[in-house]
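Student: Sending over coords.csv (CSV, C-alpha atoms).
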```
chain,number,residue,atom,x,y,z
W,1,MET,CA,-42.8,6.4,-3.4
W,2,VAL,CA,-40.8,3.4,-2.2
W,3,LEU,CA,-38.8,1.9,-5.1
W,4,PHE,CA,-39.1,-1.8,-5.8
W,5,PRO,CA,-35.9,-3.4,-4.5
W,6,LEU,CA,-33.8,-4.3,-7.5
W,7,CYS,CA,-32.3,-7.5,-6.0
W,8,LYS,CA,-35.9,-8.8,-6.0
W,9,LEU,CA,-36.1,-8.1,-9.7
W,10,LEU,CA,-33.0,-10.1,-10.4
W,11,SER,CA,-34.9,-13.4,-10.1
W,12,ASP,CA,-36.4,-12.6,-13.6
W,13,PHE,CA,-33.0,-11.9,-15.0
W,14,LEU,CA,-31.6,-15.1,-13.5
W,15,ARG,CA,-34.4,-17.2,-15.0
W,16,TRP,CA,-33.7,-15.7,-18.4
W,17,ARG,CA,-30.0,-16.2,-18.1
W,18,ARG,CA,-30.4,-19.9,-17.1
W,19,ALA,CA,-32.7,-20.5,-20.1
W,20,VAL,CA,-30.3,-18.8,-22.6
W,21,LEU,CA,-27.1,-20.3,-21.3
W,22,LYS,CA,-28.5,-23.6,-20.0
W,23,VAL,CA,-26.4,-23.5,-17.0
W,24,ASP,CA,-27.2,-24.1,-13.3
W,25,THR,CA,-26.8,-20.8,-11.4
W,26,HIS,CA,-28.6,-22.1,-8.3
W,27,PRO,CA,-25.9,-23.7,-6.2
W,28,LEU,CA,-26.0,-25.2,-2.8
W,29,PRO,CA,-25.1,-23.0,0.1
W,30,LEU,CA,-21.3,-22.8,0.2
W,31,SER,CA,-21.1,-24.9,3.4
W,32,GLN,CA,-22.8,-27.8,1.6
W,33,GLU,CA,-20.8,-27.2,-1.6
W,34,ALA,CA,-17.5,-27.5,0.4
W,35,GLU,CA,-18.7,-30.6,2.2
W,36,SER,CA,-19.6,-32.2,-1.1
W,37,GLY,CA,-16.0,-31.6,-2.4
W,38,SER,CA,-16.7,-28.7,-4.7
W,39,GLU,CA,-13.6,-26.5,-5.1
W,40,VAL,CA,-15.5,-23.2,-4.6
W,41,ARG,CA,-12.5,-21.3,-3.3
W,42,ASP,CA,-10.5,-21.8,-6.5
W,43,ILE,CA,-12.2,-19.1,-8.4
W,44,GLY,CA,-9.1,-17.1,-9.2
W,45,VAL,CA,-7.5,-19.7,-11.6
W,46,GLY,CA,-7.9,-19.3,-15.3
W,47,SER,CA,-9.0,-16.4,-17.6
W,48,VAL,CA,-11.4,-13.7,-16.4
W,49,GLU,CA,-14.1,-15.2,-18.6
W,50,GLU,CA,-13.5,-18.7,-17.1
W,51,GLN,CA,-13.6,-17.2,-13.6
W,52,GLN,CA,-16.9,-15.5,-14.3
W,53,GLN,CA,-18.4,-18.8,-15.6
W,54,ARG,CA,-17.5,-20.5,-12.3
W,55,LEU,CA,-19.0,-17.9,-10.0
W,56,PRO,CA,-22.1,-18.9,-8.1
W,57,LEU,CA,-24.7,-16.3,-8.9
W,58,GLU,CA,-27.6,-17.3,-6.6
W,59,THR,CA,-28.1,-18.7,-3.1
W,60,SER,CA,-30.2,-21.8,-2.4
W,61,TRP,CA,-33.2,-19.5,-1.4
W,62,GLY,CA,-33.1,-17.5,-4.6
W,63,ALA,CA,-31.2,-14.4,-3.5
W,64,PRO,CA,-28.6,-13.0,-5.9
W,65,LEU,CA,-24.9,-13.6,-4.9
W,66,VAL,CA,-23.3,-10.4,-6.1
W,67,TRP,CA,-20.1,-10.2,-8.0
W,68,GLY,CA,-19.4,-6.7,-9.3
W,69,ASP,CA,-18.4,-7.6,-12.9
W,70,SER,CA,-21.2,-10.2,-13.5
W,71,ASP,CA,-23.9,-9.7,-16.1
W,72,GLY,CA,-26.4,-9.6,-13.2
W,73,SER,CA,-24.6,-6.7,-11.6
W,74,ALA,CA,-24.4,-4.8,-14.8
W,75,TRP,CA,-28.2,-5.4,-15.3
W,76,ARG,CA,-29.0,-4.0,-11.8
W,77,ARG,CA,-26.8,-0.9,-12.3
W,78,ALA,CA,-28.6,-0.2,-15.6
W,79,GLU,CA,-32.0,-0.5,-13.9
W,80,PHE,CA,-31.0,1.9,-11.1
W,81,ALA,CA,-29.5,4.4,-13.6
W,82,HIS,CA,-33.0,5.7,-14.3
W,83,ARG,CA,-34.0,6.0,-10.7
W,84,SER,CA,-33.5,8.7,-8.1
W,85,VAL,CA,-32.4,6.9,-4.9
W,86,ARG,CA,-30.9,8.4,-1.7
W,87,THR,CA,-28.6,6.1,0.2
W,88,GLY,CA,-26.9,6.5,3.5
W,89,LEU,CA,-23.4,5.3,4.4
W,90,LEU,CA,-23.1,5.0,8.2
W,91,THR,CA,-19.8,4.5,10.1
W,92,LEU,CA,-18.6,4.7,13.6
W,93,ALA,CA,-15.3,6.5,14.2
W,94,VAL,CA,-14.5,6.6,17.9
W,95,GLY,CA,-11.3,6.4,19.9
W,96,PRO,CA,-8.3,5.1,18.0
W,97,TYR,CA,-10.4,4.3,15.0
W,98,GLY,CA,-10.8,8.0,14.2
W,99,HIS,CA,-7.6,8.2,12.3
W,100,PHE,CA,-9.1,5.9,9.6
W,101,LEU,CA,-11.9,8.3,8.9
W,102,ARG,CA,-10.4,10.6,6.3
W,103,ARG,CA,-9.1,7.7,4.2
W,104,PHE,CA,-12.5,5.9,4.5
W,105,LEU,CA,-14.4,9.0,3.3
W,106,SER,CA,-12.0,9.8,0.5
W,107,SER,CA,-12.2,6.3,-0.9
W,108,ALA,CA,-16.0,6.2,-0.6
W,109,GLU,CA,-16.2,9.5,-2.6
W,110,LEU,CA,-14.3,7.7,-5.3
W,111,TYR,CA,-16.0,4.3,-5.3
W,112,PHE,CA,-19.2,4.1,-3.3
W,113,LEU,CA,-22.3,4.4,-5.5
W,114,PRO,CA,-20.6,6.8,-8.0
W,115,GLY,CA,-23.0,9.1,-9.6
W,116,ASN,CA,-25.7,8.5,-6.9
W,117,THR,CA,-27.0,10.6,-4.1
W,118,VAL,CA,-25.2,9.6,-0.9
W,119,VAL,CA,-25.4,10.9,2.7
W,120,TYR,CA,-22.5,10.0,5.0
W,121,TYR,CA,-23.4,9.6,8.6
W,122,VAL,CA,-20.4,9.7,10.8
W,123,LEU,CA,-20.8,8.8,14.5
W,124,THR,CA,-17.7,10.2,16.2
W,125,ASP,CA,-16.4,11.3,19.6
W,126,SER,CA,-13.7,13.5,17.8
W,127,PRO,CA,-15.3,15.8,15.1
W,128,ARG,CA,-11.8,17.3,14.8
W,129,ASN,CA,-10.9,14.3,12.6
W,130,LEU,CA,-13.1,15.9,10.0
W,131,ASP,CA,-11.1,19.2,10.1
W,132,PRO,CA,-10.4,20.2,7.3
W,133,PRO,CA,-13.5,18.5,5.8
W,134,THR,CA,-13.2,15.9,3.1
W,135,PRO,CA,-14.2,17.5,-0.3
W,136,LEU,CA,-17.5,16.1,-1.4
W,137,GLY,CA,-18.8,15.8,-5.0
W,138,PRO,CA,-22.3,16.8,-6.3
W,139,GLY,CA,-25.1,15.0,-4.6
W,140,ARG,CA,-23.0,14.0,-1.6
W,141,GLU,CA,-23.7,15.2,2.0
W,142,LEU,CA,-22.0,14.7,5.4
W,143,ARG,CA,-23.8,14.4,8.7
W,144,VAL,CA,-21.8,14.3,11.9
W,145,VAL,CA,-23.5,12.5,14.9
W,146,PRO,CA,-21.6,13.2,18.2
W,147,VAL,CA,-21.3,10.2,20.4
W,148,ALA,CA,-19.6,9.5,23.7
W,149,GLU,CA,-16.2,7.9,23.7
W,150,MET,CA,-16.3,4.1,23.9
W,151,PRO,CA,-12.8,2.9,25.0
W,152,GLY,CA,-11.8,-0.6,24.2
W,153,TRP,CA,-12.8,-2.8,21.2
W,154,GLU,CA,-15.1,-5.1,23.2
W,155,ARG,CA,-17.2,-2.2,24.6
W,156,LEU,CA,-17.4,-0.7,21.2
W,157,ALA,CA,-18.5,-3.9,19.6
W,158,GLN,CA,-21.1,-4.6,22.3
W,159,GLY,CA,-22.6,-1.1,22.0
W,160,ARG,CA,-22.4,-0.4,18.3
W,161,MET,CA,-25.6,-2.1,17.3
W,162,ALA,CA,-27.6,0.0,19.8
W,163,LEU,CA,-26.0,3.2,18.4
W,164,LEU,CA,-26.7,2.2,14.8
W,165,ALA,CA,-30.3,1.4,15.6
W,166,ALA,CA,-30.8,4.7,17.4
W,167,THR,CA,-29.2,6.7,14.5
W,168,ILE,CA,-31.3,4.9,11.8
W,169,LYS,CA,-34.4,5.6,13.8
W,170,GLU,CA,-33.6,9.2,14.0
W,171,PRO,CA,-32.6,10.8,11.6
W,172,VAL,CA,-31.5,8.3,8.9
W,173,ARG,CA,-34.8,6.7,8.0
W,174,HIS,CA,-36.3,10.1,7.4
W,175,GLU,CA,-33.6,11.2,5.0
W,176,VAL,CA,-32.6,8.1,2.9
W,177,GLU,CA,-34.2,5.0,1.5
W,178,TYR,CA,-31.3,2.6,1.8
W,179,VAL,CA,-28.5,2.6,4.5
W,180,PHE,CA,-25.3,0.7,4.6
W,181,CYS,CA,-23.2,0.2,7.8
W,182,MET,CA,-19.4,-0.1,7.3
W,183,ASP,CA,-16.5,-0.3,9.6
W,184,VAL,CA,-14.4,2.8,9.4
W,185,ASP,CA,-11.1,1.0,9.1
W,186,GLN,CA,-11.9,-0.1,5.6
W,187,GLU,CA,-10.9,1.4,2.2
W,188,LEU,CA,-12.8,1.1,-1.0
W,189,VAL,CA,-10.4,0.3,-3.8
W,190,ALA,CA,-12.8,-0.4,-6.7
W,191,PRO,CA,-16.3,0.6,-7.7
W,192,VAL,CA,-19.2,-0.5,-5.4
W,193,GLY,CA,-22.3,0.3,-7.4
W,194,ALA,CA,-26.0,-0.1,-7.3
W,195,GLU,CA,-25.6,-3.8,-7.6
W,196,ILE,CA,-25.5,-3.9,-3.8
W,197,LEU,CA,-28.9,-2.3,-3.3
W,198,GLY,CA,-31.6,-4.7,-1.9
W,199,GLU,CA,-34.0,-5.1,1.0
W,200,LEU,CA,-31.6,-6.8,3.4
W,201,VAL,CA,-27.9,-7.1,2.3
W,202,ALA,CA,-25.1,-9.1,4.0
W,203,ALA,CA,-21.5,-9.7,2.9
W,204,LEU,CA,-19.7,-13.0,3.0
W,205,HIS,CA,-16.6,-13.4,5.3
W,206,PRO,CA,-13.6,-13.8,3.0
W,207,GLU,CA,-11.7,-16.2,5.1
W,208,LEU,CA,-14.8,-18.6,5.4
W,209,TYR,CA,-16.1,-18.4,1.9
W,210,GLY,CA,-16.5,-21.9,0.6
W,211,MET,CA,-15.5,-23.5,3.8
W,212,PRO,CA,-17.5,-26.3,5.4
W,213,ARG,CA,-20.2,-25.2,7.9
W,214,HIS,CA,-18.5,-26.9,10.8
W,215,SER,CA,-15.6,-24.5,10.5
W,216,PHE,CA,-17.8,-21.4,10.9
W,217,PRO,CA,-17.2,-19.6,14.2
W,218,TYR,CA,-20.9,-19.5,15.2
W,219,GLU,CA,-21.7,-19.1,18.9
W,220,ARG,CA,-21.9,-22.6,20.4
W,221,GLU,CA,-22.8,-21.7,24.0
W,222,PRO,CA,-26.4,-23.0,24.4
W,223,ALA,CA,-27.2,-20.3,27.0
W,224,SER,CA,-26.3,-17.5,24.6
W,225,LEU,CA,-29.0,-15.9,22.5
W,226,ALA,CA,-26.5,-15.9,19.6
W,227,HIS,CA,-26.3,-19.7,19.8
W,228,VAL,CA,-26.4,-21.6,16.5
W,229,GLU,CA,-27.2,-25.3,16.3
W,230,GLU,CA,-24.8,-27.7,14.4
W,231,ASP,CA,-27.2,-28.1,11.5
W,232,GLU,CA,-28.1,-24.4,11.1
W,233,GLY,CA,-26.6,-21.8,8.9
W,234,ASP,CA,-25.9,-21.3,5.2
W,235,TYR,CA,-23.0,-18.9,5.1
W,236,TYR,CA,-20.9,-16.9,7.6
W,237,TYR,CA,-21.3,-13.2,7.2
W,238,THR,CA,-18.9,-10.5,8.2
W,239,SER,CA,-19.9,-7.5,10.4
W,240,GLU,CA,-17.7,-5.2,8.2
W,241,LEU,CA,-20.5,-4.4,5.8
W,242,TYR,CA,-24.3,-4.9,5.8
W,243,GLY,CA,-27.3,-2.8,4.8
W,244,GLY,CA,-30.5,-2.5,2.9
W,245,LEU,CA,-33.8,-0.7,3.2
W,246,CYS,CA,-33.8,1.5,6.4
W,247,GLY,CA,-36.6,-0.4,8.0
W,248,GLU,CA,-34.9,-3.8,7.5
W,249,VAL,CA,-31.5,-2.6,8.8
W,250,TYR,CA,-33.2,-0.9,11.8
W,251,ALA,CA,-35.0,-4.1,12.7
W,252,MET,CA,-31.8,-6.1,12.5
W,253,ALA,CA,-29.7,-3.6,14.5
W,254,GLN,CA,-32.4,-3.3,17.1
W,255,ALA,CA,-32.9,-7.0,17.5
W,256,CYS,CA,-29.2,-7.7,17.7
W,257,SER,CA,-28.7,-4.9,20.3
W,258,GLN,CA,-31.5,-6.4,22.5
W,259,LEU,CA,-29.9,-9.9,22.3
W,260,ILE,CA,-26.5,-8.5,23.2
W,261,LEU,CA,-28.0,-6.6,26.2
W,262,GLN,CA,-29.9,-9.7,27.4
W,263,ASP,CA,-26.7,-11.8,27.2
W,264,GLN,CA,-24.8,-9.1,29.1
W,265,GLU,CA,-27.3,-9.2,31.9
W,266,LYS,CA,-26.7,-13.0,32.2
W,267,GLY,CA,-22.9,-12.4,32.2
W,268,LEU,CA,-22.5,-14.0,28.7
W,269,ARG,CA,-20.4,-12.8,25.8
W,270,ALA,CA,-20.6,-14.3,22.4
W,271,ARG,CA,-17.3,-15.5,20.9
W,272,GLY,CA,-17.6,-13.2,17.9
W,273,LEU,CA,-19.2,-10.3,19.8
W,274,GLU,CA,-21.7,-8.4,17.5
W,275,GLU,CA,-20.8,-10.6,14.5
W,276,SER,CA,-22.2,-13.7,16.3
W,277,TYR,CA,-25.6,-12.0,16.8
W,278,LEU,CA,-25.6,-10.7,13.3
W,279,ASN,CA,-25.1,-14.3,12.0
W,280,ARG,CA,-27.8,-15.6,14.3
W,281,TYR,CA,-30.3,-13.0,13.0
W,282,LEU,CA,-29.4,-13.7,9.3
W,283,ILE,CA,-30.1,-17.4,9.8
W,284,ASN,CA,-33.7,-16.5,11.0
W,285,ARG,CA,-34.1,-13.7,8.4
W,286,ARG,CA,-32.1,-14.6,5.3
W,287,PRO,CA,-30.7,-11.7,3.3
W,288,THR,CA,-32.3,-10.8,0.0
W,289,CYS,CA,-28.9,-9.9,-1.4
W,290,VAL,CA,-25.6,-11.6,-0.5
W,291,LEU,CA,-22.4,-9.8,-1.4
W,292,SER,CA,-19.4,-11.9,-2.4
W,293,PRO,CA,-16.0,-11.5,-0.6
W,294,GLU,CA,-15.2,-8.8,-3.2
W,295,TYR,CA,-17.0,-6.4,-0.9
W,296,SER,CA,-15.2,-7.4,2.3
W,297,TRP,CA,-11.6,-8.6,1.8
W,298,TRP,CA,-8.3,-8.4,3.5
W,299,ASP,CA,-4.8,-9.8,2.8
W,300,SER,CA,-4.7,-13.1,4.5
W,301,THR,CA,-3.5,-16.6,3.7
W,302,LEU,CA,-7.0,-17.8,4.5
W,303,ALA,CA,-8.9,-15.3,2.3
W,304,ALA,CA,-10.4,-16.6,-0.9
W,305,ASP,CA,-9.2,-15.4,-4.2
W,306,VAL,CA,-11.7,-13.0,-5.8
W,307,PRO,CA,-11.9,-11.5,-9.3
W,308,THR,CA,-11.8,-7.9,-8.0
W,309,ARG,CA,-11.0,-6.6,-4.5
W,310,ARG,CA,-13.5,-3.8,-3.9
W,311,VAL,CA,-13.5,-3.1,-0.2
W,312,VAL,CA,-10.4,-3.9,1.9
W,313,SER,CA,-10.3,-4.1,5.7
W,314,LEU,CA,-7.2,-2.2,6.7
W,315,GLY,CA,-7.9,-3.0,10.4
W,316,ARG,CA,-7.9,-6.8,9.9
W,317,GLN,CA,-4.8,-6.6,7.8
W,318,CYS,CA,-3.1,-4.5,10.4
W,319,ASP,CA,-4.0,-7.0,13.1
W,320,SER,CA,-1.8,-9.6,11.3
W,321,LEU,CA,1.3,-7.4,10.9
W,322,GLU,CA,4.3,-7.0,13.1
W,323,PRO,CA,4.6,-3.7,15.0
W,324,GLN,CA,7.1,-2.2,12.5
W,325,LYS,CA,4.9,-3.2,9.6
W,326,ARG,CA,1.9,-1.6,11.3
W,327,GLN,CA,3.7,1.7,11.5
W,328,GLU,CA,4.8,1.5,7.9
W,329,GLN,CA,1.2,0.8,6.8
W,330,ASN,CA,-0.1,3.7,9.0
W,331,CYS,CA,-2.3,1.3,11.0
```
Starting from the file, give its structure as structure tokens.
Tutor:
Amino acid sequence: MVLFPLCKLLSDFLRWRRAVLKVDTHPLPLSQEAESGSEVRDIGVGSVEEQQQRLPLETSWGAPLVWGDSDGSAWRRAEFAHRSVRTGLLTLAVGPYGHFLRRFLSSAELYFLPGNTVVYYVLTDSPRNLDPPTPLGPGRELRVVPVAEMPGWERLAQGRMALLAATIKEPVRHEVEYVFCMDVDQELVAPVGAEILGELVAALHPELYGMPRHSFPYEREPASLAHVEEDEGDYYYTSELYGGLCGEVYAMAQACSQLILQDQEKGLRARGLEESYLNRYLINRRPTCVLSPEYSWWDSTLAADVPTRRVVSLGRQCDSLEPQKRQEQNC
């Protein structure tokens, strides 16, 4: 039996919360908020309670905007505590990215859906990176999916959506209900619980959270299938983390991979590579759950303050460091 997606149930909770607290938790899209002068990036000032009161809890189309310590997130976790759900966590560890794998899995064991059934799907060209295997707790499984080496970041980014779609089609969708795709060069540093579960889930880019829409690096080449018009778009989503029901994530990955292939045949390359196609897709098919920058963050002068850093991109942090610092940080 397919479970009713909990992020859909949140609409009832939000209506109740607004009635009790008599506050507006239905903000404009962040691009419009910023253009109207709202200081949406300054959420880190004041007490924890004051911060929580300022957090936008819902998008303009009624999807929950998820903060891990919000009342809504606690409510969703409580709802799922009585359900048996299998979730897949899919990552691609090829070439030089293989050395991030052990840290990624170890941190996921600590913080990804603790207490829930999770199947890790690791697409890798170097299974030796899993020797010795990472110790797994009860209800946790590991599947290794061998793939060919994909040298170079550009080739990896252009081919990843096709690999993800193929893996979700067989075997993922037959084994789990939800699947989340995460870059392997990330580390979970705080709990990421059942509050993230929904039909189609996307995470906000931490450096563009609360920024005006004209600053979003959407694809502007009209000939590209990733092209976004000036008046389109609500948020800018990161490609570091996305997920949802297997059918929804498969449809998104398959659609993006086809758009990428068609642009390649025309000699076109989107400025943000796969992230450009992801954002194009999510404009047409808005996510039912939007994760705050807590779930995709890295140390940057541009990154918005967040109450809790839950998932940190080591790769993006490393990109900003000097060579000596990269070595010290084991980049």
Student: Once you count all atoms listed in the file, what closest atom pair and distance in Å to one decimal does each residue of segment 145-242 of chain W within 6 Å of segment 93-109 of chain W have, with rows by chain and rising residue number, as a tab-separated table?
Tutor:
```
residue	atom	partner	partner_atom	distance
W:Asp185	CA	W:Phe100	CA	5.3
W:Glu187	CA	W:Phe104	CA	5.3
W:Leu188	CA	W:Ser107	CA	5.2
```
Student: With distances taken over only C-alpha atoms, which of W:Leu136, W:Leu204, W:Cys181, W:Leu302 is nearest to Asp234 of chain W?
Tutor: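 Among the listed residues, the smallest separation from Asp234 of chain W belongs to W:Leu204.
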Student: Between atom CA of Glu141 of chain W and atom CA of Leu278 of chain W, what distance in Å does the model show, to one decimal?
Tutor: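 That distance, rounded to one decimal, is 28.3 Å.
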Student: Point out the residue among W:Thr167, W:Thr308, W:Asn279, W:Ser60 with the least atom-to-atom distance to Ser292 of chain W, counting all atoms listed in the file.
Tutor: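 Looking only at the distances to Ser292 of chain W, the closest residue turns out to be W:Thr308.
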Student: Please tell me which residues are no farther than 7 Å from (-16.3, -12.7, 15.9) in the file, counting only C-alpha atoms, and write them as a PyMOL selection string.
Tutor: chain W and resi 271-273+275-276
Student: Could you pull the residues within 12 Å of Pro217 of chain W, counting only C-alpha atoms, minus those fewer than 4 positions along the same chain, as a list in words?
Tutor: His205, Glu207, Leu208, Met211, Pro212, Arg213, Glu221, Ala226, His227, Val228, Glu229, Glu230, Gly233, Tyr235, Tyr236, Tyr237, Thr238, Ala270, Arg271, Gly272, Leu273, Glu275, Ser276, Tyr277, Asn279 and Arg280 of chain W
Student: What gap, in Å, lies between atom CA of Gln254 of chain W and atom CA of Val290 of chain W?
Tutor: 20.6 Å
Student: Just the residues within 10 Å of Gly139 of chain W, please, counting all atoms listed in the file, with nothing from its chain fewer than 2 positions along; format it as a list of chain:residue names.
Tutor: W:Arg86, W:Pro114, W:Gly115, W:Asn116, W:Thr117, W:Val118, W:Val119, W:Leu136, W:Gly137, W:Glu141
Student: For each of W:Gly267, W:Gly210, W:Pro64, W:Gly88, take the minimum atom-to-atom distance to Arg140 of chain W, counting all atoms listed in the file, then give the residue where this is smallest.
Tutor: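 Comparing W:Gly267, W:Gly210, W:Pro64, W:Gly88 against Arg140 of chain W, the winner is W:Gly88.
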Student: Which value, in Å to one decimal, gives the distance between atom CA of Tyr111 of chain W and atom CA of Ala190 of chain W?
Tutor: 5.9 Å
Student: List as a PDB file with C-alpha atoms, keeping the file's coordinate frame the protein and nucleic acid residues near Lys266 of chain W, meaning an atom at most 10 Å away when all atoms listed in the file are counted, but skip any in the same chain fewer than 5 places from it.
Tutor:
```
ATOM      1  CA  ALA W 223     -27.200 -20.300  27.000  1.00  0.00           C
ATOM      2  CA  SER W 224     -26.300 -17.500  24.600  1.00  0.00           C
ATOM      3  CA  LEU W 261     -28.000  -6.600  26.200  1.00  0.00           C
TER       4      LEU W 261
END
```
Student: When distances are computed from all atoms listed in the file, which of W:Glu294, W:Glu219, W:Glu195, W:Asp231 shows the smallest separation from Asp71 of chain W?
Tutor: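 Ranked by minimum distance to Asp71 of chain W, first place goes to W:Glu195.
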Student: Nearest to Ile260 of chain W among W:Ala162, W:Leu245, W:Val311, W:Leu197, with distances taken over all atoms listed in the file: which residue is it?
Tutor: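 Nearest candidate to Ile260 of chain W out of W:Ala162, W:Leu245, W:Val311, W:Leu197: W:Ala162.
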Student: Restricting the calculation to all atoms listed in the file: of W:Phe80, W:Phe112, W:Tyr121, W:Tyr218, which residue gets closest to Pro171 of chain W?
Tutor: W:Tyr121
Student: Give me the residues within 12 Å of Ala194 of chain W as a ChimeraX atom specification, counting only C-alpha atoms and dropping any in the same chain fewer than 2 places off.
Tutor: /W:5-7,66-68,72-87,111-118,178,180,191-192,196-198,244,289,291
Student: Considering only C-alpha atoms, return as a ChimeraX atom specification whatever protein or nucleic-acid residues lie within 9 Å of Arg285 of chain W, sequence-local ones (same chain, fewer than 3 positions apart) excluded.
Tutor: /W:200,252,280-282
